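Data block for entry_4.pdb (PDB, N, CA, C and O atoms, pLDDT in the B column):
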ATOM      1  N   MET A  47      -3.644  -2.321  41.415  1.00 50.00           N
ATOM      2  CA  MET A  47      -5.027  -1.887  41.484  1.00 50.00           C
ATOM      3  C   MET A  47      -5.872  -3.049  42.004  1.00 50.00           C
ATOM      4  O   MET A  47      -5.844  -4.121  41.451  1.00 50.00           O
ATOM      5  N   THR A  48      -6.585  -2.806  43.062  1.00 58.00           N
ATOM      6  CA  THR A  48      -7.450  -3.834  43.619  1.00 58.00           C
ATOM      7  C   THR A  48      -8.895  -3.473  43.339  1.00 58.00           C
ATOM      8  O   THR A  48      -9.304  -2.321  43.400  1.00 58.00           O
ATOM      9  N   THR A  49      -9.653  -4.482  43.014  1.00 60.00           N
ATOM     10  CA  THR A  49     -11.079  -4.304  42.776  1.00 60.00           C
ATOM     11  C   THR A  49     -11.815  -5.197  43.755  1.00 60.00           C
ATOM     12  O   THR A  49     -11.482  -6.376  43.876  1.00 60.00           O
ATOM     13  N   SER A  50     -12.794  -4.639  44.428  1.00 74.00           N
ATOM     14  CA  SER A  50     -13.522  -5.430  45.409  1.00 74.00           C
ATOM     15  C   SER A  50     -14.346  -6.512  44.704  1.00 74.00           C
ATOM     16  O   SER A  50     -14.772  -6.358  43.566  1.00 74.00           O
ATOM     17  N   THR A  51     -14.559  -7.600  45.397  1.00 80.00           N
ATOM     18  CA  THR A  51     -15.277  -8.738  44.830  1.00 80.00           C
ATOM     19  C   THR A  51     -16.722  -8.395  44.459  1.00 80.00           C
ATOM     20  O   THR A  51     -17.175  -8.817  43.406  1.00 80.00           O
ATOM     21  N   PRO A  52     -17.467  -7.634  45.264  1.00 83.00           N
ATOM     22  CA  PRO A  52     -18.835  -7.301  44.846  1.00 83.00           C
ATOM     23  C   PRO A  52     -18.884  -6.506  43.541  1.00 83.00           C
ATOM     24  O   PRO A  52     -19.787  -6.710  42.733  1.00 83.00           O
ATOM     25  N   VAL A  53     -17.904  -5.636  43.330  1.00 81.00           N
ATOM     26  CA  VAL A  53     -17.895  -4.858  42.089  1.00 81.00           C
ATOM     27  C   VAL A  53     -17.613  -5.768  40.910  1.00 81.00           C
ATOM     28  O   VAL A  53     -18.266  -5.680  39.868  1.00 81.00           O
ATOM     29  N   ARG A  54     -16.640  -6.651  41.054  1.00 84.00           N
ATOM     30  CA  ARG A  54     -16.345  -7.600  39.975  1.00 84.00           C
ATOM     31  C   ARG A  54     -17.552  -8.484  39.687  1.00 84.00           C
ATOM     32  O   ARG A  54     -17.869  -8.757  38.532  1.00 84.00           O
ATOM     33  N   THR A  55     -18.211  -8.939  40.727  1.00 86.00           N
ATOM     34  CA  THR A  55     -19.382  -9.799  40.560  1.00 86.00           C
ATOM     35  C   THR A  55     -20.499  -9.055  39.844  1.00 86.00           C
ATOM     36  O   THR A  55     -21.141  -9.610  38.945  1.00 86.00           O
ATOM     37  N   TYR A  56     -20.731  -7.808  40.227  1.00 88.00           N
ATOM     38  CA  TYR A  56     -21.784  -7.011  39.595  1.00 88.00           C
ATOM     39  C   TYR A  56     -21.491  -6.802  38.111  1.00 88.00           C
ATOM     40  O   TYR A  56     -22.373  -6.967  37.266  1.00 88.00           O
ATOM     41  N   ILE A  57     -20.264  -6.442  37.783  1.00 87.00           N
ATOM     42  CA  ILE A  57     -19.909  -6.203  36.384  1.00 87.00           C
ATOM     43  C   ILE A  57     -20.024  -7.496  35.580  1.00 87.00           C
ATOM     44  O   ILE A  57     -20.551  -7.502  34.469  1.00 87.00           O
ATOM     45  N   ALA A  58     -19.551  -8.600  36.138  1.00 89.00           N
ATOM     46  CA  ALA A  58     -19.643  -9.885  35.439  1.00 89.00           C
ATOM     47  C   ALA A  58     -21.095 -10.304  35.239  1.00 89.00           C
ATOM     48  O   ALA A  58     -21.476 -10.775  34.159  1.00 89.00           O
ATOM     49  N   ALA A  59     -21.920 -10.121  36.260  1.00 90.00           N
ATOM     50  CA  ALA A  59     -23.334 -10.480  36.141  1.00 90.00           C
ATOM     51  C   ALA A  59     -24.044  -9.607  35.123  1.00 90.00           C
ATOM     52  O   ALA A  59     -24.875 -10.092  34.335  1.00 90.00           O
ATOM     53  N   LEU A  60     -23.723  -8.326  35.106  1.00 90.00           N
ATOM     54  CA  LEU A  60     -24.325  -7.416  34.131  1.00 90.00           C
ATOM     55  C   LEU A  60     -23.930  -7.807  32.720  1.00 90.00           C
ATOM     56  O   LEU A  60     -24.770  -7.864  31.814  1.00 90.00           O
ATOM     57  N   PHE A  61     -22.649  -8.110  32.504  1.00 90.00           N
ATOM     58  CA  PHE A  61     -22.182  -8.493  31.179  1.00 90.00           C
ATOM     59  C   PHE A  61     -22.793  -9.818  30.731  1.00 90.00           C
ATOM     60  O   PHE A  61     -23.313  -9.935  29.615  1.00 90.00           O
ATOM     61  N   LEU A  62     -22.751 -10.835  31.601  1.00 91.00           N
ATOM     62  CA  LEU A  62     -23.290 -12.143  31.226  1.00 91.00           C
ATOM     63  C   LEU A  62     -24.807 -12.118  31.060  1.00 91.00           C
ATOM     64  O   LEU A  62     -25.353 -12.789  30.187  1.00 91.00           O
ATOM     65  N   GLY A  63     -25.476 -11.350  31.900  1.00 90.00           N
ATOM     66  CA  GLY A  63     -26.925 -11.200  31.737  1.00 90.00           C
ATOM     67  C   GLY A  63     -27.277 -10.519  30.433  1.00 90.00           C
ATOM     68  O   GLY A  63     -28.219 -10.911  29.731  1.00 90.00           O
ATOM     69  N   GLY A  64     -26.524  -9.493  30.088  1.00 90.00           N
ATOM     70  CA  GLY A  64     -26.748  -8.817  28.811  1.00 90.00           C
ATOM     71  C   GLY A  64     -26.469  -9.720  27.637  1.00 90.00           C
ATOM     72  O   GLY A  64     -27.204  -9.718  26.637  1.00 90.00           O
ATOM     73  N   LEU A  65     -25.419 -10.515  27.736  1.00 91.00           N
ATOM     74  CA  LEU A  65     -25.104 -11.464  26.669  1.00 91.00           C
ATOM     75  C   LEU A  65     -26.209 -12.499  26.510  1.00 91.00           C
ATOM     76  O   LEU A  65     -26.644 -12.800  25.393  1.00 91.00           O
ATOM     77  N   ALA A  66     -26.705 -13.011  27.629  1.00 90.00           N
ATOM     78  CA  ALA A  66     -27.790 -13.993  27.582  1.00 90.00           C
ATOM     79  C   ALA A  66     -29.057 -13.385  26.992  1.00 90.00           C
ATOM     80  O   ALA A  66     -29.731 -14.010  26.158  1.00 90.00           O
ATOM     81  N   LEU A  67     -29.401 -12.168  27.394  1.00 88.00           N
ATOM     82  CA  LEU A  67     -30.590 -11.521  26.843  1.00 88.00           C
ATOM     83  C   LEU A  67     -30.432 -11.239  25.356  1.00 88.00           C
ATOM     84  O   LEU A  67     -31.391 -11.365  24.592  1.00 88.00           O
ATOM     85  N   GLY A  68     -29.230 -10.849  24.959  1.00 87.00           N
ATOM     86  CA  GLY A  68     -28.993 -10.586  23.542  1.00 87.00           C
ATOM     87  C   GLY A  68     -29.165 -11.834  22.689  1.00 87.00           C
ATOM     88  O   GLY A  68     -29.800 -11.796  21.632  1.00 87.00           O
ATOM     89  N   VAL A  69     -28.617 -12.939  23.152  1.00 88.00           N
ATOM     90  CA  VAL A  69     -28.748 -14.193  22.406  1.00 88.00           C
ATOM     91  C   VAL A  69     -30.181 -14.697  22.429  1.00 88.00           C
ATOM     92  O   VAL A  69     -30.742 -15.075  21.400  1.00 88.00           O
ATOM     93  N   TRP A  70     -30.798 -14.676  23.603  1.00 86.00           N
ATOM     94  CA  TRP A  70     -32.169 -15.166  23.722  1.00 86.00           C
ATOM     95  C   TRP A  70     -33.136 -14.313  22.899  1.00 86.00           C
ATOM     96  O   TRP A  70     -34.016 -14.837  22.226  1.00 86.00           O
ATOM     97  N   GLY A  71     -32.970 -13.006  22.940  1.00 85.00           N
ATOM     98  CA  GLY A  71     -33.838 -12.129  22.174  1.00 85.00           C
ATOM     99  C   GLY A  71     -33.670 -12.300  20.675  1.00 85.00           C
ATOM    100  O   GLY A  71     -34.605 -12.106  19.904  1.00 85.00           O
ATOM    101  N   THR A  72     -32.477 -12.677  20.249  1.00 84.00           N
ATOM    102  CA  THR A  72     -32.225 -12.867  18.828  1.00 84.00           C
ATOM    103  C   THR A  72     -32.889 -14.126  18.296  1.00 84.00           C
ATOM    104  O   THR A  72     -33.357 -14.149  17.158  1.00 84.00           O
ATOM    105  N   ILE A  73     -32.973 -15.179  19.110  1.00 86.00           N
ATOM    106  CA  ILE A  73     -33.521 -16.439  18.609  1.00 86.00           C
ATOM    107  C   ILE A  73     -35.033 -16.559  18.775  1.00 86.00           C
ATOM    108  O   ILE A  73     -35.611 -17.526  18.291  1.00 86.00           O
ATOM    109  N   LEU A  74     -35.668 -15.601  19.429  1.00 84.00           N
ATOM    110  CA  LEU A  74     -37.123 -15.672  19.559  1.00 84.00           C
ATOM    111  C   LEU A  74     -37.773 -15.475  18.185  1.00 84.00           C
ATOM    112  O   LEU A  74     -37.313 -14.667  17.382  1.00 84.00           O
ATOM    113  N   PRO A  75     -38.850 -16.214  17.894  1.00 80.00           N
ATOM    114  CA  PRO A  75     -39.459 -16.144  16.568  1.00 80.00           C
ATOM    115  C   PRO A  75     -40.268 -14.874  16.343  1.00 80.00           C
ATOM    116  O   PRO A  75     -40.709 -14.210  17.291  1.00 80.00           O
ATOM    117  N   LEU A  76     -40.447 -14.521  15.103  1.00 76.00           N
ATOM    118  CA  LEU A  76     -41.312 -13.425  14.634  1.00 76.00           C
ATOM    119  C   LEU A  76     -40.907 -12.067  15.193  1.00 76.00           C
ATOM    120  O   LEU A  76     -41.737 -11.189  15.389  1.00 76.00           O
ATOM    121  N   GLY A  77     -39.653 -11.866  15.457  1.00 71.00           N
ATOM    122  CA  GLY A  77     -39.183 -10.567  15.916  1.00 71.00           C
ATOM    123  C   GLY A  77     -39.656 -10.198  17.308  1.00 71.00           C
ATOM    124  O   GLY A  77     -39.563  -9.044  17.709  1.00 71.00           O
ATOM    125  N   GLY A  78     -40.171 -11.157  18.048  1.00 75.00           N
ATOM    126  CA  GLY A  78     -40.689 -10.879  19.380  1.00 75.00           C
ATOM    127  C   GLY A  78     -39.624 -10.544  20.398  1.00 75.00           C
ATOM    128  O   GLY A  78     -39.909 -10.028  21.467  1.00 75.00           O
ATOM    129  N   GLY A  79     -38.367 -10.831  20.061  1.00 82.00           N
ATOM    130  CA  GLY A  79     -37.308 -10.604  21.018  1.00 82.00           C
ATOM    131  C   GLY A  79     -36.485  -9.362  20.758  1.00 82.00           C
ATOM    132  O   GLY A  79     -35.422  -9.191  21.347  1.00 82.00           O
ATOM    133  N   THR A  80     -36.966  -8.486  19.885  1.00 85.00           N
ATOM    134  CA  THR A  80     -36.194  -7.295  19.549  1.00 85.00           C
ATOM    135  C   THR A  80     -35.934  -6.434  20.779  1.00 85.00           C
ATOM    136  O   THR A  80     -34.802  -5.993  21.009  1.00 85.00           O
ATOM    137  N   LEU A  81     -36.956  -6.192  21.565  1.00 86.00           N
ATOM    138  CA  LEU A  81     -36.786  -5.385  22.772  1.00 86.00           C
ATOM    139  C   LEU A  81     -35.847  -6.072  23.760  1.00 86.00           C
ATOM    140  O   LEU A  81     -34.982  -5.418  24.360  1.00 86.00           O
ATOM    141  N   ILE A  82     -35.979  -7.377  23.898  1.00 86.00           N
ATOM    142  CA  ILE A  82     -35.110  -8.111  24.819  1.00 86.00           C
ATOM    143  C   ILE A  82     -33.661  -8.035  24.356  1.00 86.00           C
ATOM    144  O   ILE A  82     -32.752  -7.837  25.151  1.00 86.00           O
ATOM    145  N   ALA A  83     -33.450  -8.162  23.038  1.00 87.00           N
ATOM    146  CA  ALA A  83     -32.094  -8.068  22.498  1.00 87.00           C
ATOM    147  C   ALA A  83     -31.517  -6.671  22.700  1.00 87.00           C
ATOM    148  O   ALA A  83     -30.331  -6.513  23.003  1.00 87.00           O
ATOM    149  N   LEU A  84     -32.350  -5.639  22.567  1.00 89.00           N
ATOM    150  CA  LEU A  84     -31.884  -4.268  22.789  1.00 89.00           C
ATOM    151  C   LEU A  84     -31.528  -4.030  24.255  1.00 89.00           C
ATOM    152  O   LEU A  84     -30.545  -3.345  24.555  1.00 89.00           O
ATOM    153  N   ILE A  85     -32.310  -4.578  25.161  1.00 89.00           N
ATOM    154  CA  ILE A  85     -31.991  -4.463  26.582  1.00 89.00           C
ATOM    155  C   ILE A  85     -30.679  -5.191  26.880  1.00 89.00           C
ATOM    156  O   ILE A  85     -29.842  -4.702  27.645  1.00 89.00           O
ATOM    157  N   GLY A  86     -30.483  -6.349  26.254  1.00 89.00           N
ATOM    158  CA  GLY A  86     -29.231  -7.077  26.419  1.00 89.00           C
ATOM    159  C   GLY A  86     -28.038  -6.290  25.909  1.00 89.00           C
ATOM    160  O   GLY A  86     -26.986  -6.240  26.550  1.00 89.00           O
ATOM    161  N   ALA A  87     -28.210  -5.638  24.752  1.00 91.00           N
ATOM    162  CA  ALA A  87     -27.124  -4.820  24.206  1.00 91.00           C
ATOM    163  C   ALA A  87     -26.814  -3.642  25.128  1.00 91.00           C
ATOM    164  O   ALA A  87     -25.646  -3.280  25.320  1.00 91.00           O
ATOM    165  N   ALA A  88     -27.834  -3.041  25.702  1.00 92.00           N
ATOM    166  CA  ALA A  88     -27.617  -1.931  26.635  1.00 92.00           C
ATOM    167  C   ALA A  88     -26.888  -2.407  27.891  1.00 92.00           C
ATOM    168  O   ALA A  88     -26.009  -1.705  28.414  1.00 92.00           O
ATOM    169  N   ALA A  89     -27.219  -3.598  28.372  1.00 91.00           N
ATOM    170  CA  ALA A  89     -26.545  -4.139  29.557  1.00 91.00           C
ATOM    171  C   ALA A  89     -25.079  -4.440  29.264  1.00 91.00           C
ATOM    172  O   ALA A  89     -24.204  -4.181  30.091  1.00 91.00           O
ATOM    173  N   ILE A  90     -24.796  -4.967  28.063  1.00 91.00           N
ATOM    174  CA  ILE A  90     -23.404  -5.218  27.685  1.00 91.00           C
ATOM    175  C   ILE A  90     -22.645  -3.895  27.612  1.00 91.00           C
ATOM    176  O   ILE A  90     -21.515  -3.787  28.096  1.00 91.00           O
ATOM    177  N   GLY A  91     -23.257  -2.891  27.007  1.00 91.00           N
ATOM    178  CA  GLY A  91     -22.613  -1.582  26.919  1.00 91.00           C
ATOM    179  C   GLY A  91     -22.342  -0.985  28.287  1.00 91.00           C
ATOM    180  O   GLY A  91     -21.266  -0.428  28.536  1.00 91.00           O
ATOM    181  N   ALA A  92     -23.299  -1.115  29.189  1.00 91.00           N
ATOM    182  CA  ALA A  92     -23.106  -0.585  30.543  1.00 91.00           C
ATOM    183  C   ALA A  92     -21.978  -1.325  31.263  1.00 91.00           C
ATOM    184  O   ALA A  92     -21.174  -0.703  31.966  1.00 91.00           O
ATOM    185  N   ALA A  93     -21.901  -2.628  31.076  1.00 91.00           N
ATOM    186  CA  ALA A  93     -20.827  -3.397  31.707  1.00 91.00           C
ATOM    187  C   ALA A  93     -19.467  -2.974  31.160  1.00 91.00           C
ATOM    188  O   ALA A  93     -18.502  -2.833  31.914  1.00 91.00           O
ATOM    189  N   LEU A  94     -19.387  -2.746  29.849  1.00 91.00           N
ATOM    190  CA  LEU A  94     -18.117  -2.321  29.259  1.00 91.00           C
ATOM    191  C   LEU A  94     -17.717  -0.931  29.738  1.00 91.00           C
ATOM    192  O   LEU A  94     -16.529  -0.656  29.940  1.00 91.00           O
ATOM    193  N   VAL A  95     -18.689  -0.057  29.939  1.00 91.00           N
ATOM    194  CA  VAL A  95     -18.384   1.274  30.484  1.00 91.00           C
ATOM    195  C   VAL A  95     -17.835   1.138  31.903  1.00 91.00           C
ATOM    196  O   VAL A  95     -16.853   1.798  32.264  1.00 91.00           O
ATOM    197  N   LEU A  96     -18.451   0.290  32.708  1.00 88.00           N
ATOM    198  CA  LEU A  96     -17.961   0.093  34.077  1.00 88.00           C
ATOM    199  C   LEU A  96     -16.565  -0.514  34.092  1.00 88.00           C
ATOM    200  O   LEU A  96     -15.733  -0.141  34.929  1.00 88.00           O
ATOM    201  N   VAL A  97     -16.292  -1.430  33.162  1.00 88.00           N
ATOM    202  CA  VAL A  97     -14.943  -1.995  33.067  1.00 88.00           C
ATOM    203  C   VAL A  97     -13.957  -0.890  32.702  1.00 88.00           C
ATOM    204  O   VAL A  97     -12.864  -0.792  33.279  1.00 88.00           O
ATOM    205  N   GLY A  98     -14.329  -0.039  31.760  1.00 87.00           N
ATOM    206  CA  GLY A  98     -13.459   1.066  31.381  1.00 87.00           C
ATOM    207  C   GLY A  98     -13.207   2.034  32.520  1.00 87.00           C
ATOM    208  O   GLY A  98     -12.079   2.509  32.712  1.00 87.00           O
ATOM    209  N   ILE A  99     -14.227   2.313  33.299  1.00 85.00           N
ATOM    210  CA  ILE A  99     -14.063   3.204  34.451  1.00 85.00           C
ATOM    211  C   ILE A  99     -13.098   2.585  35.465  1.00 85.00           C
ATOM    212  O   ILE A  99     -12.225   3.279  36.010  1.00 85.00           O
ATOM    213  N   ARG A 100     -13.223   1.277  35.686  1.00 84.00           N
ATOM    214  CA  ARG A 100     -12.333   0.613  36.646  1.00 84.00           C
ATOM    215  C   ARG A 100     -10.894   0.602  36.126  1.00 84.00           C
ATOM    216  O   ARG A 100      -9.949   0.760  36.882  1.00 84.00           O
ATOM    217  N   LEU A 101     -10.708   0.408  34.816  1.00 81.00           N
ATOM    218  CA  LEU A 101      -9.361   0.344  34.258  1.00 81.00           C
ATOM    219  C   LEU A 101      -8.700   1.703  34.167  1.00 81.00           C
ATOM    220  O   LEU A 101      -7.494   1.827  34.346  1.00 81.00           O
ATOM    221  N   MET A 102      -9.472   2.738  33.876  1.00 84.00           N
ATOM    222  CA  MET A 102      -8.906   4.071  33.692  1.00 84.00           C
ATOM    223  C   MET A 102      -8.885   4.886  34.980  1.00 84.00           C
ATOM    224  O   MET A 102      -8.358   5.989  34.992  1.00 84.00           O
ATOM    225  N   GLY A 103      -9.433   4.348  36.045  1.00 76.00           N
ATOM    226  CA  GLY A 103      -9.463   5.059  37.315  1.00 76.00           C
ATOM    227  C   GLY A 103      -8.058   5.202  37.894  1.00 76.00           C
ATOM    228  O   GLY A 103      -7.106   4.561  37.446  1.00 76.00           O
ATOM    229  N   PRO A 104      -7.930   6.036  38.898  1.00 72.00           N
ATOM    230  CA  PRO A 104      -6.611   6.232  39.516  1.00 72.00           C
ATOM    231  C   PRO A 104      -6.131   4.947  40.191  1.00 72.00           C
ATOM    232  O   PRO A 104      -6.899   4.233  40.808  1.00 72.00           O
ATOM    233  N   ALA A 105      -4.844   4.693  40.056  1.00 64.00           N
ATOM    234  CA  ALA A 105      -4.259   3.508  40.699  1.00 64.00           C
ATOM    235  C   ALA A 105      -4.185   3.736  42.207  1.00 64.00           C
ATOM    236  O   ALA A 105      -3.885   4.841  42.664  1.00 64.00           O
ATOM    237  N   ARG A 106      -4.461   2.716  42.954  1.00 61.00           N
ATOM    238  CA  ARG A 106      -4.449   2.835  44.403  1.00 61.00           C
ATOM    239  C   ARG A 106      -3.182   2.288  44.978  1.00 61.00           C
ATOM    240  O   ARG A 106      -2.606   1.386  44.570  1.00 61.00           O
TER     241      ARG A 106
END
Before we go any further, please render this structure as structure tokens.
Amino acid sequence: MTTSTPVRTYIAALFLGGLALGVWGTILPLGGGTLIALIGAAAIGAALVLVGIRLMGPAR
């Protein structure tokens, strides 16, 4: 199974960006980062879904 480099880059960027937002949103004071942390969690979830689609897709 081959995966094109732009797809791998997009999935990696989405996952790492979500991870960064999740961590950054968690450490912001006074609960100000709750929305940022939720957006980060959604980005991580979307990246994991894309990884699952790539892994479960038909072999080429």
Using the chain letters and numbers from this file, what does the PyMOL selection byres ((chain A and resi 85-101) around 8) select? Give the answer as a tab-separated table (two decimals) with N, CA, C and O atoms, keeping the file's coordinate frame.
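Full text of out.tsv as output:
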chain	number	residue	atom	x	y	z
A	47	MET	N	-3.64	-2.32	41.42
A	47	MET	CA	-5.03	-1.89	41.48
A	47	MET	C	-5.87	-3.05	42.00
A	47	MET	O	-5.84	-4.12	41.45
A	48	THR	N	-6.58	-2.81	43.06
A	48	THR	CA	-7.45	-3.83	43.62
A	48	THR	C	-8.90	-3.47	43.34
A	48	THR	O	-9.30	-2.32	43.40
A	49	THR	N	-9.65	-4.48	43.01
A	49	THR	CA	-11.08	-4.30	42.78
A	49	THR	C	-11.82	-5.20	43.76
A	49	THR	O	-11.48	-6.38	43.88
A	53	VAL	N	-17.90	-5.64	43.33
A	53	VAL	CA	-17.90	-4.86	42.09
A	53	VAL	C	-17.61	-5.77	40.91
A	53	VAL	O	-18.27	-5.68	39.87
A	56	TYR	N	-20.73	-7.81	40.23
A	56	TYR	CA	-21.78	-7.01	39.60
A	56	TYR	C	-21.49	-6.80	38.11
A	56	TYR	O	-22.37	-6.97	37.27
A	57	ILE	N	-20.26	-6.44	37.78
A	57	ILE	CA	-19.91	-6.20	36.38
A	57	ILE	C	-20.02	-7.50	35.58
A	57	ILE	O	-20.55	-7.50	34.47
A	58	ALA	N	-19.55	-8.60	36.14
A	58	ALA	CA	-19.64	-9.88	35.44
A	58	ALA	C	-21.10	-10.30	35.24
A	58	ALA	O	-21.48	-10.78	34.16
A	59	ALA	N	-21.92	-10.12	36.26
A	59	ALA	CA	-23.33	-10.48	36.14
A	59	ALA	C	-24.04	-9.61	35.12
A	59	ALA	O	-24.88	-10.09	34.34
A	60	LEU	N	-23.72	-8.33	35.11
A	60	LEU	CA	-24.32	-7.42	34.13
A	60	LEU	C	-23.93	-7.81	32.72
A	60	LEU	O	-24.77	-7.86	31.81
A	61	PHE	N	-22.65	-8.11	32.50
A	61	PHE	CA	-22.18	-8.49	31.18
A	61	PHE	C	-22.79	-9.82	30.73
A	61	PHE	O	-23.31	-9.94	29.62
A	62	LEU	N	-22.75	-10.84	31.60
A	62	LEU	CA	-23.29	-12.14	31.23
A	62	LEU	C	-24.81	-12.12	31.06
A	62	LEU	O	-25.35	-12.79	30.19
A	63	GLY	N	-25.48	-11.35	31.90
A	63	GLY	CA	-26.92	-11.20	31.74
A	63	GLY	C	-27.28	-10.52	30.43
A	63	GLY	O	-28.22	-10.91	29.73
A	64	GLY	N	-26.52	-9.49	30.09
A	64	GLY	CA	-26.75	-8.82	28.81
A	64	GLY	C	-26.47	-9.72	27.64
A	64	GLY	O	-27.20	-9.72	26.64
A	65	LEU	N	-25.42	-10.52	27.74
A	65	LEU	CA	-25.10	-11.46	26.67
A	65	LEU	C	-26.21	-12.50	26.51
A	65	LEU	O	-26.64	-12.80	25.39
A	66	ALA	N	-26.70	-13.01	27.63
A	66	ALA	CA	-27.79	-13.99	27.58
A	66	ALA	C	-29.06	-13.38	26.99
A	66	ALA	O	-29.73	-14.01	26.16
A	67	LEU	N	-29.40	-12.17	27.39
A	67	LEU	CA	-30.59	-11.52	26.84
A	67	LEU	C	-30.43	-11.24	25.36
A	67	LEU	O	-31.39	-11.36	24.59
A	68	GLY	N	-29.23	-10.85	24.96
A	68	GLY	CA	-28.99	-10.59	23.54
A	68	GLY	C	-29.16	-11.83	22.69
A	68	GLY	O	-29.80	-11.80	21.63
A	69	VAL	N	-28.62	-12.94	23.15
A	69	VAL	CA	-28.75	-14.19	22.41
A	69	VAL	C	-30.18	-14.70	22.43
A	69	VAL	O	-30.74	-15.08	21.40
A	71	GLY	N	-32.97	-13.01	22.94
A	71	GLY	CA	-33.84	-12.13	22.17
A	71	GLY	C	-33.67	-12.30	20.68
A	71	GLY	O	-34.60	-12.11	19.90
A	79	GLY	N	-38.37	-10.83	20.06
A	79	GLY	CA	-37.31	-10.60	21.02
A	79	GLY	C	-36.48	-9.36	20.76
A	79	GLY	O	-35.42	-9.19	21.35
A	80	THR	N	-36.97	-8.49	19.89
A	80	THR	CA	-36.19	-7.30	19.55
A	80	THR	C	-35.93	-6.43	20.78
A	80	THR	O	-34.80	-5.99	21.01
A	81	LEU	N	-36.96	-6.19	21.56
A	81	LEU	CA	-36.79	-5.38	22.77
A	81	LEU	C	-35.85	-6.07	23.76
A	81	LEU	O	-34.98	-5.42	24.36
A	82	ILE	N	-35.98	-7.38	23.90
A	82	ILE	CA	-35.11	-8.11	24.82
A	82	ILE	C	-33.66	-8.04	24.36
A	82	ILE	O	-32.75	-7.84	25.15
A	83	ALA	N	-33.45	-8.16	23.04
A	83	ALA	CA	-32.09	-8.07	22.50
A	83	ALA	C	-31.52	-6.67	22.70
A	83	ALA	O	-30.33	-6.51	23.00
A	84	LEU	N	-32.35	-5.64	22.57
A	84	LEU	CA	-31.88	-4.27	22.79
A	84	LEU	C	-31.53	-4.03	24.26
A	84	LEU	O	-30.54	-3.34	24.56
A	102	MET	N	-9.47	2.74	33.88
A	102	MET	CA	-8.91	4.07	33.69
A	102	MET	C	-8.88	4.89	34.98
A	102	MET	O	-8.36	5.99	34.99
A	103	GLY	N	-9.43	4.35	36.04
A	103	GLY	CA	-9.46	5.06	37.32
A	103	GLY	C	-8.06	5.20	37.89
A	103	GLY	O	-7.11	4.56	37.45
A	104	PRO	N	-7.93	6.04	38.90
A	104	PRO	CA	-6.61	6.23	39.52
A	104	PRO	C	-6.13	4.95	40.19
A	104	PRO	O	-6.90	4.23	40.81
A	105	ALA	N	-4.84	4.69	40.06
A	105	ALA	CA	-4.26	3.51	40.70
A	105	ALA	C	-4.18	3.74	42.21
A	105	ALA	O	-3.88	4.84	42.66
Subject >> Interatomic distance, atom N of Ile73 of chain A to atom O of Thr55 of chain A (Å, one decimal) >> reply: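 Atom-to-atom, atom N of Ile73 of chain A and atom O of Thr55 of chain A are spaced 23.8 Å apart.
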Original post:
Please, what distance in Å, to one decimal, runs between atom C of Pro52 of chain A and atom N of Thr72 of chain A?
Top reply: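 Interatomic distance, atom C of Pro52 of chain A to atom N of Thr72 of chain A: 27.7 Å.
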For segment 73-78 of chain A, take all atoms listed in the file, fit an axis-aligned box around them, add 8 Å to each of the six sides, then output centre and edge lengths in Å rounded to one decimal, as AutoDock Vina command-line options.
--center_x -37.4 --center_y -13.3 --center_z 18.1 --size_x 24.8 --size_y 24.5 --size_z 22.8
